[in-house]
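One structure is given here, and the rest of the page talks about it.
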Amino acid sequence: MKVDLRKMTRDFLIGEVKSNPTARAYVESVLRILDEVRPKSQRESRQLSVARQNLLEIKRVVRTLENKISLLEEQVRVLEEGKE
């Protein structure tokens with residue numbers, strides 16, 4: 001049997017494109033970018049510090065929301081099973 005490497009590669013790449021990044025991935029990306037920025041003044045340094053703190057708070061809220069979502073999905077699954 002012949003393996004079609006082109007098709008496998010194309011399917012793999014298309015599969016990567018279809019996957020949507022999570023909010024956590026976006027926050028991590030922005031945090032990485034902020035870490036690379038070098039402030040030129042004390043004011044910019046404070047602004048970057050506030051931005052980092054805000055992103056960390058967003059990250060915490062996202063984690064809480066993801067936990068609530070998974071809990072609600074589990075409850076829906078249990079309710080659907082009980083309905084059948």
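Ordered as shown in the structure tokens, chains take letters A, B, and onward, while each chain numbers its residues from 1 and ligands are numbered from 1 in the order shown.
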When you look at Leu34 in chain A with a cut-off of 9 Å (counting only C-alpha atoms), what residues show up, excluding the ones that are within fewer than 5 positions of it in the same chain? I need them as an MDAnalysis selection string.
chainID A and resid 29 48 51:52
Please dump the current selection as an mmCIF file, in the first residue's frame; keep C-alpha atoms.
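Ended up saving to part.cif:
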```cif
data_model
loop_
_atom_site.group_PDB
_atom_site.id
_atom_site.type_symbol
_atom_site.label_atom_id
_atom_site.label_comp_id
_atom_site.auth_asym_id
_atom_site.auth_seq_id
_atom_site.Cartn_x
_atom_site.Cartn_y
_atom_site.Cartn_z
ATOM 1 C CA SER A 29 1.234 35.544 23.692
ATOM 2 C CA LEU A 48 4.010 47.890 31.253
ATOM 3 C CA ALA A 51 -0.544 45.928 31.645
ATOM 4 C CA ARG A 52 1.150 42.756 32.948
#
```
Task: Contact residues around Val27 in chain A with only C-alpha atoms at 8 Å, ignoring same-chain residues under 5 positions, as a list in words - done: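 The neighbour list is Leu55, Ile58 and Lys59 of chain A.
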*asked:* Among chain A, which residues does DSSP mark as alpha helix (DSSP H) when it is run on the backbone? Keep the chain and numbering as in the structure and answer as a PyMOL selection string.
replied: chain A and resi 5-18+23-36+42-83
